[in-house]
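First the structure, in the form of structure tokens, and then the observations on it.
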Amino acid sequence: MNKGMLRGMATVNYWADDLEAARQWYTELLGVEPYFDRPGPDGRPAYVEFRIGDYQHELGLIDSRYAPGGAARGPAGAVLHWHVDDVKAALDRLLAMGARPHQPITEWGTAGFVTASVVDPFGNVLGIMYNPHYLDVLAGEPAGS
């Protein structure tokens with residue numbers, strides 16, 4: 001059985017100039033403490049990681065001093081959308097916590113897909129989405145059934 005090259009999201013990493021502030025902000029947003037904390041060679045915090053959601057996906061926060069050369073210093077690149085049950089409520093909470101709007105709430109056709117995204121206080125794009133296929137998979141049903 002070919003399971004495919006990309007088997008699932010394992011870890012998404014966000015950069016932060018102030019890792020401690022990012023740790024606190026995401027702890028408040030997610031309602032859980034990071035399960036992993038790694039200092040850099042100088043003893044300062046370098047990386048923290050949360051396990052979240054139905055599949056315990058990993059969200060890592062990395063001190064920006066470890067970003068590769070040429071890395072974007074603001075919103076750029078791909079948008080990873082996290083499934084939420086209520087896009088408007090999630091967007092309102094993110095904005096109330098200091099995130100900036102990035103993409104407005106958008107309904108995609110008639111199948112129930114709804115997206116939005118924000119830029120967190122540390123410059124990372126955080127996508128949110130209501131995705132019926134995600135719920136199908138979670139319920140053990142074939143996607144789109």
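Order determines the names: the first chain of the structure tokens is A, the second B, and so forth; residues in each chain are numbered 1 upward, and ligands are numbered 1 upward as they are shown.
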
Counting only C-alpha atoms, what is within 12 Å of Gly77 (chain A), bar same-chain residues fewer than 4 positions away, as a PDB file with all heavy atoms, in the first residue's frame?
```
ATOM      1  N   ALA A  71      15.235  34.555   5.306  1.00  0.00           N
ATOM      2  CA  ALA A  71      13.857  34.250   5.699  1.00  0.00           C
ATOM      3  C   ALA A  71      13.033  35.531   5.735  1.00  0.00           C
ATOM      4  O   ALA A  71      13.534  36.603   6.102  1.00  0.00           O
ATOM      5  CB  ALA A  71      13.834  33.575   7.069  1.00  0.00           C
ATOM      6  N   ALA A  72      11.775  35.432   5.338  1.00  0.00           N
ATOM      7  CA  ALA A  72      10.877  36.587   5.347  1.00  0.00           C
ATOM      8  C   ALA A  72      10.739  37.130   6.761  1.00  0.00           C
ATOM      9  O   ALA A  72      10.684  36.370   7.731  1.00  0.00           O
ATOM     10  CB  ALA A  72       9.510  36.191   4.798  1.00  0.00           C
ATOM     11  N   ARG A  73      10.684  38.432   6.881  1.00  0.00           N
ATOM     12  CA  ARG A  73      10.535  39.086   8.184  1.00  0.00           C
ATOM     13  C   ARG A  73       9.124  39.632   8.353  1.00  0.00           C
ATOM     14  O   ARG A  73       8.910  40.619   9.016  1.00  0.00           O
ATOM     15  CB  ARG A  73      11.550  40.208   8.329  1.00  0.00           C
ATOM     16  CG  ARG A  73      12.993  39.786   8.255  1.00  0.00           C
ATOM     17  CD  ARG A  73      13.441  38.917   9.381  1.00  0.00           C
ATOM     18  NE  ARG A  73      13.372  39.639  10.642  1.00  0.00           N
ATOM     19  CZ  ARG A  73      13.545  39.067  11.811  1.00  0.00           C
ATOM     20  NH1 ARG A  73      13.792  37.789  11.880  1.00  0.00           N
ATOM     21  NH2 ARG A  73      13.473  39.761  12.902  1.00  0.00           N
ATOM     22  N   ASN A 124       3.599  36.263  12.067  1.00  0.00           N
ATOM     23  CA  ASN A 124       3.297  34.996  11.400  1.00  0.00           C
ATOM     24  C   ASN A 124       1.844  34.944  10.950  1.00  0.00           C
ATOM     25  O   ASN A 124       0.954  35.383  11.671  1.00  0.00           O
ATOM     26  CB  ASN A 124       3.548  33.827  12.359  1.00  0.00           C
ATOM     27  CG  ASN A 124       4.967  33.801  12.855  1.00  0.00           C
ATOM     28  OD1 ASN A 124       5.877  33.508  12.107  1.00  0.00           O
ATOM     29  ND2 ASN A 124       5.160  34.149  14.114  1.00  0.00           N
ATOM     30  N   VAL A 125       1.601  34.367   9.783  1.00  0.00           N
ATOM     31  CA  VAL A 125       0.234  34.192   9.299  1.00  0.00           C
ATOM     32  C   VAL A 125      -0.362  32.953   9.958  1.00  0.00           C
ATOM     33  O   VAL A 125       0.233  31.869   9.931  1.00  0.00           O
ATOM     34  CB  VAL A 125       0.185  34.050   7.770  1.00  0.00           C
ATOM     35  CG1 VAL A 125      -1.236  33.785   7.298  1.00  0.00           C
ATOM     36  CG2 VAL A 125       0.740  35.302   7.100  1.00  0.00           C
ATOM     37  N   LEU A 126      -1.529  33.126  10.554  1.00  0.00           N
ATOM     38  CA  LEU A 126      -2.256  32.043  11.211  1.00  0.00           C
ATOM     39  C   LEU A 126      -3.597  31.912  10.514  1.00  0.00           C
ATOM     40  O   LEU A 126      -4.433  32.819  10.583  1.00  0.00           O
ATOM     41  CB  LEU A 126      -2.432  32.369  12.698  1.00  0.00           C
ATOM     42  CG  LEU A 126      -3.256  31.418  13.544  1.00  0.00           C
ATOM     43  CD1 LEU A 126      -2.610  30.042  13.587  1.00  0.00           C
ATOM     44  CD2 LEU A 126      -3.393  31.961  14.951  1.00  0.00           C
TER      45      LEU A 126
END
```

I'd like the contact shell of Leu135 (chain A) - 12 Å cut-off, only C-alpha atoms, skipping same-chain residues fewer than 2 positions apart - returned as number ranges by chain. A: 54, 83-85, 112-113, 129-133, 137-145

Exercise: Val12 (chain A) partners within 10 Å, only C-alpha atoms, chain neighbours under 6 positions left out, as number ranges by chain: A: 49, 57-61, 80

Taking N, CA, C and O atoms for each residue, export the selection above as a PDB file, in the first residue's frame.
```
ATOM      1  N   GLU A  49       7.327  24.060  22.013  1.00  0.00           N
ATOM      2  CA  GLU A  49       6.417  23.327  21.138  1.00  0.00           C
ATOM      3  C   GLU A  49       5.162  22.915  21.903  1.00  0.00           C
ATOM      4  O   GLU A  49       5.234  22.452  23.040  1.00  0.00           O
ATOM      5  N   HIS A  57      -1.300  17.686  16.660  1.00  0.00           N
ATOM      6  CA  HIS A  57      -0.323  18.294  15.761  1.00  0.00           C
ATOM      7  C   HIS A  57       0.590  19.195  16.574  1.00  0.00           C
ATOM      8  O   HIS A  57       0.212  19.695  17.639  1.00  0.00           O
ATOM      9  N   GLU A  58       1.773  19.405  16.061  1.00  0.00           N
ATOM     10  CA  GLU A  58       2.762  20.185  16.789  1.00  0.00           C
ATOM     11  C   GLU A  58       2.883  21.590  16.214  1.00  0.00           C
ATOM     12  O   GLU A  58       3.011  21.763  15.009  1.00  0.00           O
ATOM     13  N   LEU A  59       2.829  22.567  17.101  1.00  0.00           N
ATOM     14  CA  LEU A  59       3.031  23.966  16.773  1.00  0.00           C
ATOM     15  C   LEU A  59       4.286  24.410  17.512  1.00  0.00           C
ATOM     16  O   LEU A  59       4.309  24.419  18.748  1.00  0.00           O
ATOM     17  N   GLY A  60       5.326  24.728  16.750  1.00  0.00           N
ATOM     18  CA  GLY A  60       6.582  25.138  17.352  1.00  0.00           C
ATOM     19  C   GLY A  60       6.812  26.629  17.194  1.00  0.00           C
ATOM     20  O   GLY A  60       6.476  27.212  16.167  1.00  0.00           O
ATOM     21  N   LEU A  61       7.381  27.234  18.207  1.00  0.00           N
ATOM     22  CA  LEU A  61       7.773  28.641  18.168  1.00  0.00           C
ATOM     23  C   LEU A  61       9.290  28.688  18.293  1.00  0.00           C
ATOM     24  O   LEU A  61       9.859  28.106  19.211  1.00  0.00           O
ATOM     25  N   LEU A  80      -1.129  27.934   6.446  1.00  0.00           N
ATOM     26  CA  LEU A  80      -1.650  26.702   7.017  1.00  0.00           C
ATOM     27  C   LEU A  80      -2.937  27.059   7.750  1.00  0.00           C
ATOM     28  O   LEU A  80      -2.930  27.939   8.608  1.00  0.00           O
TER      29      LEU A  80
END
```

Please indicate the distance in Å from CA of Trp25 (chain A) to CA of Glu107 (chain A), rounded to one decimal place.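 CA of Glu107 (chain A) lies at a distance of 28.0 Å from CA of Trp25 (chain A).
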
Select from region 2-141 of chain A everything DSSP, run on the backbone, classes as helix (DSSP H, G or I), then give the selection as a ChimeraX atom specification. /A:19-30,64-66,87-96,132-138
